[in-house]
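Peer 1: My structure is stored as structure.txt, with compact mmCIF, C-alpha atoms.
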# COMPACT_ATOMS: atom_id res chain seq x y z
CA MET A 19 -12.75 -89.21 -62.34
CA GLU A 20 -12.01 -86.11 -64.30
CA VAL A 21 -15.36 -84.33 -64.47
CA ALA A 22 -18.49 -84.78 -62.40
CA VAL A 23 -21.72 -83.39 -63.77
CA LEU A 24 -24.11 -82.68 -60.93
CA GLU A 25 -27.28 -84.68 -61.12
CA TYR A 26 -30.43 -83.16 -59.72
CA ASN A 27 -34.12 -83.29 -60.47
CA ALA A 28 -34.45 -80.51 -63.03
CA GLY A 29 -31.34 -80.62 -65.12
CA ASN A 30 -31.33 -82.00 -68.60
CA VAL A 31 -27.68 -82.99 -68.48
CA ARG A 32 -27.42 -85.02 -71.65
CA SER A 33 -26.39 -82.11 -73.88
CA VAL A 34 -23.52 -81.31 -71.52
CA LEU A 35 -22.36 -84.93 -71.51
CA TYR A 36 -22.47 -85.06 -75.30
CA ALA A 37 -20.43 -81.86 -75.55
CA LEU A 38 -17.82 -83.24 -73.15
CA GLU A 39 -17.72 -86.47 -75.14
CA ARG A 40 -17.04 -84.48 -78.30
CA LEU A 41 -14.08 -82.95 -76.46
CA GLY A 42 -12.86 -86.42 -75.58
CA VAL A 43 -13.73 -86.12 -71.90
CA ARG A 44 -15.55 -88.78 -69.98
CA ALA A 45 -17.78 -87.38 -67.32
CA GLU A 46 -19.87 -88.97 -64.63
CA VAL A 47 -23.33 -87.78 -63.77
CA THR A 48 -23.66 -87.95 -60.03
CA GLY A 49 -25.48 -86.55 -57.06
CA SER A 50 -23.24 -88.31 -54.57
CA PRO A 51 -21.24 -85.97 -52.29
CA GLU A 52 -18.36 -88.50 -52.25
CA ARG A 53 -18.17 -88.69 -56.02
CA LEU A 54 -18.33 -84.89 -56.30
CA ALA A 55 -15.51 -84.69 -53.78
CA SER A 56 -13.30 -87.06 -55.73
CA ALA A 57 -13.78 -85.38 -59.13
CA ALA A 58 -11.16 -82.99 -60.48
CA LYS A 59 -13.84 -80.61 -61.74
CA VAL A 60 -17.56 -80.17 -61.29
CA ILE A 61 -20.12 -78.91 -63.78
CA PHE A 62 -23.43 -77.66 -62.40
CA PRO A 63 -25.74 -77.61 -65.43
CA GLY A 64 -29.28 -76.51 -65.40
CA VAL A 65 -32.56 -76.15 -67.02
CA GLY A 66 -35.47 -75.78 -64.70
CA GLU A 67 -37.08 -73.72 -62.03
CA ALA A 68 -35.15 -72.12 -59.16
CA SER A 69 -37.21 -72.83 -56.02
CA SER A 70 -37.90 -76.52 -56.68
CA THR A 71 -34.27 -77.07 -57.62
CA MET A 72 -32.98 -75.32 -54.48
CA ARG A 73 -35.38 -77.40 -52.39
CA TYR A 74 -34.03 -80.56 -54.00
CA LEU A 75 -30.43 -79.51 -53.38
CA ARG A 76 -31.16 -78.77 -49.70
CA GLU A 77 -33.09 -82.01 -49.17
CA HIS A 78 -30.14 -83.95 -50.55
CA GLY A 79 -27.53 -81.98 -48.62
CA LEU A 80 -26.02 -80.79 -51.88
CA ASP A 81 -26.24 -77.06 -51.08
CA GLY A 82 -23.47 -77.33 -48.50
CA VAL A 83 -21.47 -79.70 -50.71
CA ILE A 84 -21.52 -77.29 -53.65
CA ARG A 85 -20.60 -74.27 -51.51
CA SER A 86 -17.63 -76.02 -49.98
CA LEU A 87 -16.14 -77.30 -53.24
CA GLU A 88 -12.58 -76.07 -53.71
CA LYS A 89 -11.99 -77.45 -57.20
CA PRO A 90 -12.96 -75.65 -60.42
CA VAL A 91 -16.76 -75.48 -60.69
CA LEU A 92 -18.68 -74.35 -63.77
CA GLY A 93 -22.34 -73.38 -63.45
CA ILE A 94 -24.43 -73.28 -66.62
CA CYS A 95 -27.71 -71.34 -67.07
CA LEU A 96 -29.84 -72.15 -64.00
CA GLY A 97 -26.56 -73.30 -62.43
CA LEU A 98 -25.31 -69.70 -62.61
CA GLN A 99 -28.50 -68.34 -61.12
CA LEU A 100 -28.48 -70.82 -58.23
CA LEU A 101 -24.87 -69.90 -57.40
CA CYS A 102 -26.06 -66.30 -56.89
CA SER A 103 -27.53 -64.89 -53.68
CA HIS A 104 -31.24 -64.74 -54.39
CA SER A 105 -33.56 -65.31 -57.35
CA MET A 106 -36.75 -63.46 -58.10
CA GLU A 107 -38.06 -66.72 -59.54
CA ASN A 108 -40.51 -67.71 -56.82
CA ASP A 109 -38.52 -65.61 -54.32
CA THR A 110 -35.78 -68.18 -53.85
CA GLU A 111 -32.83 -68.03 -51.49
CA CYS A 112 -29.90 -69.43 -53.49
CA LEU A 113 -26.39 -70.67 -52.73
CA GLY A 114 -24.76 -67.27 -52.28
CA VAL A 115 -21.40 -68.05 -53.89
CA PHE A 116 -21.86 -64.90 -55.97
CA PRO A 117 -23.46 -61.87 -54.30
CA GLU A 118 -25.32 -60.77 -57.44
CA PRO A 119 -29.14 -61.01 -57.30
CA VAL A 120 -31.17 -62.70 -60.05
CA LEU A 121 -34.01 -60.69 -61.57
CA ARG A 122 -36.59 -61.24 -64.30
CA PHE A 123 -36.39 -59.64 -67.73
CA ASP A 124 -39.13 -57.18 -68.64
CA ALA A 125 -40.62 -57.81 -72.08
CA ASP A 126 -40.94 -54.76 -74.30
CA ARG A 127 -42.94 -55.48 -77.44
CA ALA A 128 -42.33 -52.08 -79.00
CA ALA A 129 -38.58 -52.57 -78.67
CA GLY A 130 -38.77 -56.21 -79.74
CA ILE A 131 -37.58 -57.49 -76.35
CA LYS A 132 -39.14 -60.93 -75.91
CA VAL A 133 -39.03 -63.12 -72.83
CA PRO A 134 -37.57 -65.74 -72.67
CA HIS A 135 -34.34 -64.30 -74.04
CA MET A 136 -33.87 -67.04 -76.63
CA GLY A 137 -31.15 -67.23 -79.24
CA TRP A 138 -27.62 -66.11 -79.99
CA ASN A 139 -26.34 -62.93 -78.41
CA ALA A 140 -22.96 -61.22 -78.20
CA VAL A 141 -20.89 -61.40 -75.03
CA SER A 142 -18.54 -58.50 -74.40
CA ALA A 143 -16.31 -57.13 -71.62
CA THR A 144 -14.95 -60.64 -71.20
CA ARG A 145 -12.03 -61.36 -68.93
CA GLY A 146 -10.38 -64.36 -67.33
CA PRO A 147 -9.24 -67.80 -68.46
CA LEU A 148 -12.71 -69.03 -69.53
CA PHE A 149 -12.69 -66.64 -72.48
CA GLU A 150 -9.11 -67.23 -73.56
CA GLY A 151 -8.93 -67.31 -77.36
CA ILE A 152 -12.56 -66.19 -77.71
CA PRO A 153 -12.90 -62.76 -79.36
CA GLU A 154 -14.90 -59.97 -77.72
CA GLY A 155 -18.45 -59.87 -79.02
CA THR A 156 -18.66 -63.59 -79.84
CA ASN A 157 -22.24 -64.89 -79.94
CA PHE A 158 -23.39 -67.61 -77.55
CA TYR A 159 -26.74 -69.40 -77.25
CA PHE A 160 -29.03 -68.22 -74.46
CA VAL A 161 -32.41 -69.46 -73.23
CA HIS A 162 -33.61 -67.87 -70.01
CA SER A 163 -36.12 -65.49 -68.45
CA PHE A 164 -34.09 -64.52 -65.38
CA TYR A 165 -30.65 -62.93 -65.24
CA ALA A 166 -27.91 -62.08 -62.75
CA GLN A 167 -27.24 -58.38 -62.34
CA ILE A 168 -23.87 -56.94 -63.20
CA GLY A 169 -21.53 -57.02 -60.20
CA ASP A 170 -17.91 -57.29 -59.16
CA ASP A 171 -17.79 -60.94 -60.23
CA THR A 172 -19.11 -60.28 -63.74
CA CYS A 173 -16.59 -61.48 -66.33
CA GLY A 174 -18.77 -61.24 -69.45
CA VAL A 175 -21.63 -58.90 -70.27
CA CYS A 176 -24.65 -59.39 -72.54
CA ASN A 177 -27.56 -57.08 -73.32
CA HIS A 178 -31.25 -57.89 -73.64
CA GLY A 179 -33.02 -54.62 -73.01
CA ILE A 180 -30.64 -54.30 -70.07
CA ASP A 181 -27.00 -55.27 -69.48
CA PHE A 182 -26.68 -58.46 -67.45
CA SER A 183 -24.02 -60.97 -66.38
CA ALA A 184 -23.36 -63.47 -69.16
CA ALA A 185 -20.53 -64.88 -67.07
CA VAL A 186 -19.41 -64.57 -63.46
CA SER A 187 -16.32 -65.80 -61.72
CA SER A 188 -14.99 -65.78 -58.18
CA ARG A 189 -12.24 -67.96 -56.67
CA ASN A 190 -12.73 -71.51 -58.02
CA PHE A 191 -16.31 -70.84 -59.15
CA SER A 192 -17.23 -69.78 -62.68
CA ALA A 193 -20.63 -69.70 -64.29
CA VAL A 194 -22.16 -68.78 -67.62
CA GLN A 195 -25.74 -67.86 -68.39
CA PHE A 196 -25.52 -69.15 -71.97
CA HIS A 197 -25.23 -72.79 -73.02
CA PRO A 198 -21.63 -73.49 -74.07
CA GLU A 199 -22.66 -77.06 -74.92
CA LYS A 200 -24.91 -75.66 -77.67
CA SER A 201 -22.89 -72.61 -78.70
CA GLY A 202 -20.94 -74.08 -81.60
CA PRO A 203 -17.13 -73.80 -81.75
CA ALA A 204 -17.05 -70.83 -79.33
CA GLY A 205 -18.89 -72.87 -76.71
CA GLU A 206 -16.53 -75.79 -77.24
CA ARG A 207 -13.57 -73.48 -76.73
CA LEU A 208 -15.04 -72.16 -73.49
CA LEU A 209 -15.64 -75.69 -72.18
CA SER A 210 -12.14 -76.75 -73.07
CA ASN A 211 -10.80 -73.60 -71.36
CA PHE A 212 -12.68 -74.69 -68.23
CA LEU A 213 -11.30 -78.21 -68.51
CA LYS A 214 -7.77 -76.77 -68.56
CA LEU A 215 -8.23 -74.80 -65.31
CA MET B 12 -28.20 -57.38 -79.18
CA LEU B 13 -30.10 -60.61 -79.71
CA THR B 14 -29.52 -61.86 -83.25
CA LYS B 15 -32.27 -62.92 -85.63
CA ARG B 16 -32.23 -66.69 -86.07
CA ILE B 17 -32.18 -68.68 -89.31
CA ILE B 18 -33.61 -72.17 -88.89
CA PRO B 19 -33.47 -74.90 -91.55
CA CYS B 20 -36.20 -77.51 -91.13
CA LEU B 21 -35.67 -81.17 -92.00
CA ASP B 22 -38.63 -83.46 -92.64
CA ILE B 23 -37.88 -86.96 -91.38
CA ARG B 24 -39.58 -90.19 -92.36
CA ASP B 25 -38.45 -93.52 -90.94
CA GLY B 26 -35.28 -91.84 -89.67
CA ARG B 27 -34.24 -90.40 -93.04
CA THR B 28 -34.58 -86.99 -94.66
CA VAL B 29 -37.53 -86.99 -96.98
CA LYS B 30 -36.87 -85.00 -100.08
CA GLY B 31 -34.34 -85.82 -102.76
CA ILE B 32 -31.74 -83.56 -101.31
CA ASN B 33 -28.65 -83.06 -103.40
CA PHE B 34 -25.49 -81.93 -101.67
CA GLU B 35 -22.16 -82.65 -103.25
CA SER B 36 -20.28 -81.96 -100.04
CA ILE B 37 -21.80 -84.74 -98.01
CA ARG B 38 -21.78 -88.47 -98.61
CA ASP B 39 -25.32 -89.29 -97.67
CA ALA B 40 -27.83 -86.48 -97.95
CA GLY B 41 -30.54 -88.85 -96.73
CA ASP B 42 -28.79 -88.98 -93.38
CA PRO B 43 -30.25 -86.20 -91.24
CA VAL B 44 -27.14 -86.11 -89.04
CA GLU B 45 -24.81 -85.35 -91.93
CA LEU B 46 -27.10 -82.66 -93.26
CA ALA B 47 -27.56 -81.18 -89.79
CA ARG B 48 -23.82 -80.95 -89.27
CA LEU B 49 -23.38 -79.26 -92.62
CA TYR B 50 -26.02 -76.66 -91.75
CA ALA B 51 -24.42 -76.08 -88.36
CA GLU B 52 -21.04 -75.53 -90.00
CA GLN B 53 -22.61 -73.09 -92.42
CA GLY B 54 -23.98 -70.99 -89.59
CA ALA B 55 -27.54 -72.21 -89.02
CA ASP B 56 -28.65 -70.91 -85.62
CA GLU B 57 -30.93 -73.80 -84.77
CA LEU B 58 -32.47 -76.76 -86.55
CA VAL B 59 -35.94 -78.24 -86.55
CA PHE B 60 -36.55 -81.94 -87.20
CA LEU B 61 -40.11 -82.76 -88.08
CA ASP B 62 -41.07 -86.43 -87.90
CA ILE B 63 -43.64 -87.33 -90.54
CA THR B 64 -43.34 -91.07 -90.05
CA ALA B 65 -46.69 -92.58 -90.83
CA THR B 66 -46.57 -95.74 -88.75
CA VAL B 67 -46.31 -95.98 -85.00
CA GLU B 68 -43.88 -98.92 -85.23
CA LYS B 69 -41.33 -96.84 -87.05
CA ARG B 70 -41.48 -93.93 -84.58
CA THR B 71 -38.68 -95.57 -82.66
CA LEU B 72 -36.37 -94.79 -85.59
CA PHE B 73 -36.97 -91.12 -84.89
CA TYR B 74 -36.00 -91.47 -81.24
CA ASP B 75 -32.81 -93.26 -82.25
CA LEU B 76 -32.10 -90.47 -84.69
CA VAL B 77 -32.62 -87.76 -82.07
CA GLU B 78 -30.02 -89.51 -79.90
CA ARG B 79 -27.51 -89.44 -82.76
CA ILE B 80 -28.26 -85.80 -83.52
CA GLY B 81 -27.89 -84.86 -79.87
CA ALA B 82 -24.52 -86.59 -79.68
CA GLN B 83 -23.15 -84.85 -82.74
CA LEU B 84 -24.76 -81.43 -83.09
CA ASN B 85 -23.26 -78.45 -81.26
CA ILE B 86 -26.18 -76.09 -81.86
CA PRO B 87 -29.71 -76.24 -80.43
CA PHE B 88 -32.46 -78.22 -82.10
CA THR B 89 -36.20 -78.67 -81.83
CA VAL B 90 -38.11 -81.82 -82.63
CA GLY B 91 -41.74 -82.03 -83.66
CA GLY B 92 -44.35 -84.23 -85.26
CA GLY B 93 -46.96 -86.27 -83.47
CA ILE B 94 -45.72 -85.39 -80.00
CA SER B 95 -48.37 -85.34 -77.32
CA SER B 96 -47.56 -87.13 -74.09
CA LYS B 97 -45.28 -86.18 -71.24
CA ALA B 98 -43.44 -89.44 -71.85
CA ASP B 99 -42.74 -88.47 -75.50
CA VAL B 100 -41.36 -85.11 -74.43
CA SER B 101 -39.27 -86.54 -71.62
CA ARG B 102 -37.73 -89.10 -73.94
CA LEU B 103 -36.89 -86.51 -76.62
CA LEU B 104 -35.36 -84.05 -74.16
CA GLN B 105 -33.40 -86.85 -72.55
CA ALA B 106 -32.10 -87.75 -75.99
CA GLY B 107 -30.63 -84.27 -76.30
CA ALA B 108 -33.27 -82.09 -77.96
CA GLU B 109 -33.54 -78.55 -76.53
CA LYS B 110 -37.17 -78.02 -77.44
CA VAL B 111 -40.20 -79.93 -78.62
CA SER B 112 -42.92 -78.49 -80.76
CA ILE B 113 -46.51 -79.49 -80.29
CA ASN B 114 -49.33 -78.66 -82.63
CA SER B 115 -52.59 -80.60 -82.94
CA ALA B 116 -52.32 -82.16 -79.48
CA ALA B 117 -52.10 -78.68 -77.93
CA VAL B 118 -55.18 -77.40 -79.74
CA ARG B 119 -57.20 -80.49 -78.85
CA ASP B 120 -56.13 -80.28 -75.22
CA PRO B 121 -54.70 -76.84 -74.34
CA ALA B 122 -54.05 -77.94 -70.75
CA ARG B 123 -51.30 -80.08 -72.27
CA ILE B 124 -49.20 -76.94 -72.75
CA LYS B 125 -49.48 -76.07 -69.09
CA GLU B 126 -48.65 -79.61 -68.08
CA LEU B 127 -45.52 -79.74 -70.27
CA ALA B 128 -44.33 -76.26 -69.34
CA GLY B 129 -44.81 -77.05 -65.65
CA GLU B 130 -42.88 -80.29 -65.94
CA PHE B 131 -40.07 -79.30 -68.30
CA GLY B 132 -40.10 -75.48 -68.35
CA SER B 133 -41.57 -73.04 -70.85
CA GLN B 134 -38.25 -72.68 -72.63
CA CYS B 135 -38.60 -76.12 -74.23
CA VAL B 136 -42.26 -75.92 -75.26
CA VAL B 137 -42.77 -74.58 -78.78
CA VAL B 138 -46.36 -74.31 -79.90
CA ALA B 139 -46.58 -74.74 -83.66
CA ILE B 140 -49.55 -73.08 -85.32
CA ASP B 141 -50.61 -73.90 -88.87
CA THR B 142 -52.79 -71.07 -90.04
CA LYS B 143 -54.78 -70.22 -93.13
CA CYS B 144 -56.53 -67.06 -94.15
CA ILE B 145 -60.12 -67.54 -95.29
CA ASP B 146 -62.17 -64.45 -96.21
CA GLY B 147 -59.84 -62.20 -94.27
CA GLU B 148 -59.85 -64.30 -91.08
CA TRP B 149 -56.85 -66.37 -89.94
CA TYR B 150 -57.92 -69.81 -88.67
CA VAL B 151 -55.94 -72.50 -86.86
CA PHE B 152 -55.63 -75.79 -88.74
CA LEU B 153 -54.72 -79.23 -87.40
CA ASP B 154 -53.40 -82.57 -88.60
CA GLY B 155 -50.84 -81.14 -90.98
CA GLY B 156 -53.36 -78.68 -92.37
CA ARG B 157 -56.10 -81.20 -93.09
CA THR B 158 -58.52 -80.17 -90.35
CA LYS B 159 -59.93 -76.67 -89.98
CA THR B 160 -60.87 -75.37 -86.56
CA GLU B 161 -62.92 -72.33 -85.57
CA ARG B 162 -60.07 -70.96 -83.50
CA ARG B 163 -58.60 -67.65 -84.59
CA THR B 164 -54.83 -67.56 -84.81
CA LEU B 165 -54.26 -64.47 -82.65
CA ASP B 166 -56.50 -65.80 -79.89
CA TRP B 167 -54.77 -69.16 -79.91
CA ALA B 168 -51.28 -67.61 -79.85
CA ARG B 169 -52.22 -65.52 -76.81
CA GLU B 170 -53.81 -68.51 -75.09
CA ALA B 171 -50.77 -70.70 -75.79
CA GLU B 172 -48.53 -68.04 -74.25
CA SER B 173 -50.71 -67.71 -71.16
CA LEU B 174 -50.61 -71.51 -70.72
CA GLY B 175 -46.82 -71.48 -70.71
CA ALA B 176 -45.59 -71.82 -74.32
CA GLY B 177 -42.04 -70.52 -74.66
CA GLU B 178 -42.15 -69.85 -78.36
CA ILE B 179 -44.58 -69.80 -81.31
CA LEU B 180 -43.76 -71.43 -84.65
CA LEU B 181 -46.21 -69.84 -87.08
CA THR B 182 -46.72 -71.41 -90.52
CA SER B 183 -48.96 -69.75 -93.07
CA MET B 184 -50.55 -72.42 -95.23
CA ASN B 185 -51.41 -69.75 -97.78
CA HIS B 186 -47.74 -69.02 -98.24
CA ASP B 187 -46.09 -72.39 -97.61
CA GLY B 188 -44.47 -73.74 -100.76
CA THR B 189 -45.15 -70.63 -102.84
CA LYS B 190 -41.67 -69.08 -102.51
CA ASP B 191 -43.44 -65.72 -102.79
CA GLY B 192 -42.50 -64.52 -99.33
CA PHE B 193 -43.65 -65.01 -95.73
CA ALA B 194 -47.05 -63.93 -94.40
CA LEU B 195 -45.97 -60.56 -93.07
CA GLU B 196 -49.29 -59.34 -91.76
CA ILE B 197 -50.27 -62.27 -89.55
CA THR B 198 -46.66 -62.75 -88.40
CA ARG B 199 -46.51 -59.13 -87.29
CA ALA B 200 -49.90 -59.36 -85.62
CA VAL B 201 -48.91 -62.48 -83.65
CA SER B 202 -45.50 -61.07 -82.75
CA ARG B 203 -47.14 -57.92 -81.37
CA SER B 204 -49.71 -59.92 -79.42
CA VAL B 205 -47.32 -62.02 -77.37
CA ASP B 206 -44.14 -61.48 -75.34
CA ILE B 207 -42.56 -64.80 -76.38
CA PRO B 208 -40.43 -65.22 -79.54
CA VAL B 209 -42.14 -65.97 -82.85
CA ILE B 210 -40.63 -68.09 -85.64
CA ALA B 211 -42.06 -67.35 -89.09
CA SER B 212 -42.45 -70.22 -91.54
CA GLY B 213 -43.81 -70.71 -95.04
CA GLY B 214 -43.07 -68.85 -98.23
CA ALA B 215 -39.31 -68.28 -98.22
CA GLY B 216 -38.00 -67.92 -101.76
CA LYS B 217 -35.22 -65.36 -101.67
CA PRO B 218 -33.12 -63.42 -99.14
CA GLN B 219 -35.35 -60.35 -99.35
CA HIS B 220 -38.24 -62.41 -97.95
CA PHE B 221 -36.21 -63.10 -94.82
CA VAL B 222 -35.31 -59.43 -94.51
CA GLU B 223 -39.00 -58.50 -94.71
CA VAL B 224 -40.33 -60.99 -92.19
CA LEU B 225 -37.53 -60.32 -89.69
CA SER B 226 -38.02 -56.56 -89.88
CA GLU B 227 -41.55 -55.55 -90.97
CA GLY B 228 -42.97 -58.93 -89.94
CA GLY B 229 -41.52 -58.58 -86.43
CA ALA B 230 -40.41 -62.23 -86.39
CA ASP B 231 -37.56 -63.27 -84.11
CA ALA B 232 -36.54 -66.14 -86.34
CA ALA B 233 -37.34 -67.50 -89.80
CA LEU B 234 -37.64 -71.12 -90.80
CA ALA B 235 -37.32 -72.64 -94.27
CA ALA B 236 -36.73 -76.05 -95.81
CA SER B 237 -36.48 -76.58 -99.54
CA ILE B 238 -34.59 -73.41 -100.45
CA PHE B 239 -31.79 -74.58 -98.17
CA HIS B 240 -31.99 -78.25 -99.15
CA TYR B 241 -31.80 -77.41 -102.85
CA GLN B 242 -29.18 -74.73 -102.20
CA GLU B 243 -31.26 -72.03 -103.82
CA ILE B 244 -29.99 -69.90 -100.98
CA THR B 245 -26.99 -70.81 -98.85
CA ILE B 246 -26.96 -69.82 -95.21
CA PRO B 247 -23.73 -67.76 -95.34
CA GLU B 248 -25.03 -65.84 -98.35
CA LEU B 249 -28.38 -65.27 -96.67
CA LYS B 250 -26.79 -64.02 -93.47
CA ARG B 251 -24.51 -61.61 -95.30
CA ASN B 252 -27.59 -60.31 -97.03
CA LEU B 253 -29.43 -59.85 -93.74
CA ARG B 254 -26.49 -58.02 -92.22
CA GLU B 255 -26.21 -55.70 -95.21
CA SER B 256 -29.88 -54.90 -94.69
CA GLY B 257 -29.12 -53.78 -91.16
CA LEU B 258 -30.33 -56.88 -89.30
CA CYS B 259 -28.31 -58.29 -86.43
CA VAL B 260 -27.22 -61.85 -87.28
CA ARG B 261 -24.55 -64.28 -86.16
CA LEU B 262 -21.94 -64.73 -88.90
Starting from the file, give its structure as structure tokens.
Peer 2:
Amino acid sequence: MEVAVLEYNAGNVRSVLYALERLGVRAEVTGSPERLASAAKVIFPGVGEASSTMRYLREHGLDGVIRSLEKPVLGICLGLQLLCSHSMENDTECLGVFPEPVLRFDADRAAGIKVPHMGWNAVSATRGPLFEGIPEGTNFYFVHSFYAQIGDDTCGVCNHGIDFSAAVSSRNFSAVQFHPEKSGPAGERLLSNFLKL
Amino acid sequence: MLTKRIIPCLDIRDGRTVKGINFESIRDAGDPVELARLYAEQGADELVFLDITATVEKRTLFYDLVERIGAQLNIPFTVGGGISSKADVSRLLQAGAEKVSINSAAVRDPARIKELAGEFGSQCVVVAIDTKCIDGEWYVFLDGGRTKTERRTLDWAREAESLGAGEILLTSMNHDGTKDGFALEITRAVSRSVDIPVIASGGAGKPQHFVEVLSEGGADAALAASIFHYQEITIPELKRNLRESGLCVRL
């Protein structure tokens, strides 16, 4: 199997599967440690709430499985946040692959800063193979209320009242806060860059 | 900086686009998927599909359509129209929609918002508000504008937010269809009363109207239907216009 898409209680994984299909890639949705182990690559998608998702991962022994993966892994949205150390969302201990903490945006009506951060926003200071062929300042689609702080692993920066990690990368783990599966041609390019890793 | 969003809205009946849409560049303008793809290519930031199917039996056509849209569209989309139950929402999200919009069902049973946000997350719950100004007061209307309520629009927007709505889609019935511009005053008032994004709808006639509602009106996004369907304004032209006016848009 080429790509395994992690199945867990919160994720709405269909959009990711559709995007992979459009790239000609067949993926399997699975929560089985054996299947994850046999895949060439793993995508950890996510829409949902941090604490209940972490609880689910622990109850199913998936926290250890994810941490010990040595193949290319791509976290998306909540997937990025859960790969970080800790989330302010219901004070949740996360997987700790990335040391960056996850905080909540502050809304600022006077400045027009709404929460959730919803829509297309520019990603700059990009580096690494995920962004190959994608110009600096390209817009991607975001929907989230929590964000990972900027840190050593940050490989793409976005601003919503404050600079935050739009993308992080360390060893075989990469993650993006935006939704590449819904970010038009730029998102497709990023996914196909990941598939080439 | 977060860009301002431009959102074409497609009315769907029995799985087909409703109005006599005329596009030379696509084979079947009655096919929502073809039209959606064209809008995505032109730079639409999101799409809304509103199901106005009259009969329950034919609702299944809409679900089939949402599956096809999800499989083919590489930008986010919202679906609305007659959605009320958790099962409806689950099915539509599973089919690939990013968000669902609820309107009358939310007003009749506000706890529904909390239930849906708790189950699926605030980010996918759009509360659509149809509003009309009568003697200087903005009231919430239901059932596609047929039923007046005593609720005031600002109060309802705040309540919807506190219950977990992730976004407000505000349509001014006074302005809808006029092509005389969006309802700037109530849009600004709602936008300043909540921390969640507000989509303005109703009244788009020319690019300047979008400039006004996205700046003075404080809207985060603007929705329109017929001016796009009849190509009175094309999306690339509109976005260039917005950028020249100093607004941040995705080109």
Peer 1: Near Cys176 of chain A, within 10 Å and counting all atoms listed in the file, which residues show up once chain neighbours fewer than 4 positions away are dropped, as an NGL selection string?
Peer 2: (:A and (139-144 or 155 or 157-158 or 168 or 180-185 or 195-196)) or (:B and (12-13))
Peer 1: Take the selection from the previous step and output its residues with C-alpha atoms, as a compact mmCIF listing (two decimals), in the frame of the given file.
Peer 2:
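File written: result.txt
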# COMPACT_ATOMS: atom_id res chain seq x y z
CA ASN A 139 -26.34 -62.93 -78.41
CA ALA A 140 -22.96 -61.22 -78.20
CA VAL A 141 -20.89 -61.40 -75.03
CA SER A 142 -18.54 -58.50 -74.40
CA ALA A 143 -16.31 -57.13 -71.62
CA THR A 144 -14.95 -60.64 -71.20
CA GLY A 155 -18.45 -59.87 -79.02
CA ASN A 157 -22.24 -64.89 -79.94
CA PHE A 158 -23.39 -67.61 -77.55
CA ILE A 168 -23.87 -56.94 -63.20
CA ILE A 180 -30.64 -54.30 -70.07
CA ASP A 181 -27.00 -55.27 -69.48
CA PHE A 182 -26.68 -58.46 -67.45
CA SER A 183 -24.02 -60.97 -66.38
CA ALA A 184 -23.36 -63.47 -69.16
CA ALA A 185 -20.53 -64.88 -67.07
CA GLN A 195 -25.74 -67.86 -68.39
CA PHE A 196 -25.52 -69.15 -71.97
CA MET B 12 -28.20 -57.38 -79.18
CA LEU B 13 -30.10 -60.61 -79.71
Peer 1: Pick from A:Val194, A:Ala125, A:Val115, A:Leu75: nearest to Phe212 of chain A, with only C-alpha atoms counted?
Peer 2: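 Once distances to Phe212 of chain A are computed over only C-alpha atoms, the minimum belongs to A:Val194.
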Peer 1: Using all atoms listed in the file, find the one residue out of A:Asn211, A:Gln99, A:Thr71, A:Ser201 that sits nearest to chain B.
Peer 2: A:Ser201
Peer 1: As a list in words, please: the residues near Ala128 of chain B (cut-off 9 Å, all atoms listed in the file, same-chain neighbours under 5 positions excluded).
Peer 2: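 Close residues of Ala128 of chain B: Arg123, Ser133, Gln134, Cys135, Val136, Leu174, Gly175, Ala176 and Gly177 of chain B.
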Peer 1: Within 6 Å of chain A, which residues of chain B show up when using only C-alpha atoms, listed as a compact mmCIF listing (two decimals) with C-alpha atoms, keeping the file's coordinate frame?
Peer 2:
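Ended up saving to part_15.txt:
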# COMPACT_ATOMS: atom_id res chain seq x y z
CA MET B 12 -28.20 -57.38 -79.18
CA LEU B 13 -30.10 -60.61 -79.71
CA THR B 14 -29.52 -61.86 -83.25
CA ALA B 82 -24.52 -86.59 -79.68
CA ASN B 85 -23.26 -78.45 -81.26
CA ILE B 86 -26.18 -76.09 -81.86
CA PRO B 87 -29.71 -76.24 -80.43
CA GLY B 107 -30.63 -84.27 -76.30
CA GLY B 132 -40.10 -75.48 -68.35
CA ASP B 206 -44.14 -61.48 -75.34
CA ILE B 207 -42.56 -64.80 -76.38
CA PRO B 208 -40.43 -65.22 -79.54
Peer 1: So, counting all atoms listed in the file, which residue among B:Arg251, B:Arg70, B:Arg261, B:Lys125 is closest to Asp99 of chain B?
Peer 2: B:Arg70
Peer 1: Find the distance between atom CA of Ala55 of chain A and atom CA of Ala68 of chain A and write it in Å to one decimal.
Peer 2: 23.9 Å
Peer 1: Which one is closest to Asp187 of chain B: B:Ala98, B:Gly213, B:Glu52, B:Val59? Count only C-alpha atoms.
Peer 2: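 Of B:Ala98, B:Gly213, B:Glu52, B:Val59, the one nearest Asp187 of chain B is B:Gly213, counting only C-alpha atoms.
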Peer 1: In Å, how far is it from atom CA of Ala22 of chain A to atom CA of Lys59 of chain A?
Peer 2: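 Spanning atom CA of Ala22 of chain A to atom CA of Lys59 of chain A is a straight-line distance of 6.3 Å.
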Peer 1: Smallest atom-to-atom distance to Ser69 of chain A: which of A:Glu118, A:Glu111, A:Glu46, A:Glu88, using only C-alpha atoms?
Peer 2: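 Using only C-alpha atoms, Ser69 of chain A sits closest to A:Glu111.
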Peer 1: For Leu92 of chain A, please output as a list in words all residues within 7 Å (counting only C-alpha atoms; exclusion window: fewer than 6 positions along the same chain).
Peer 2: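 With the cut-off at 7 Å, the set is Val60, Ile61, Phe62, Phe191, Ser192 and Ala193 of chain A.
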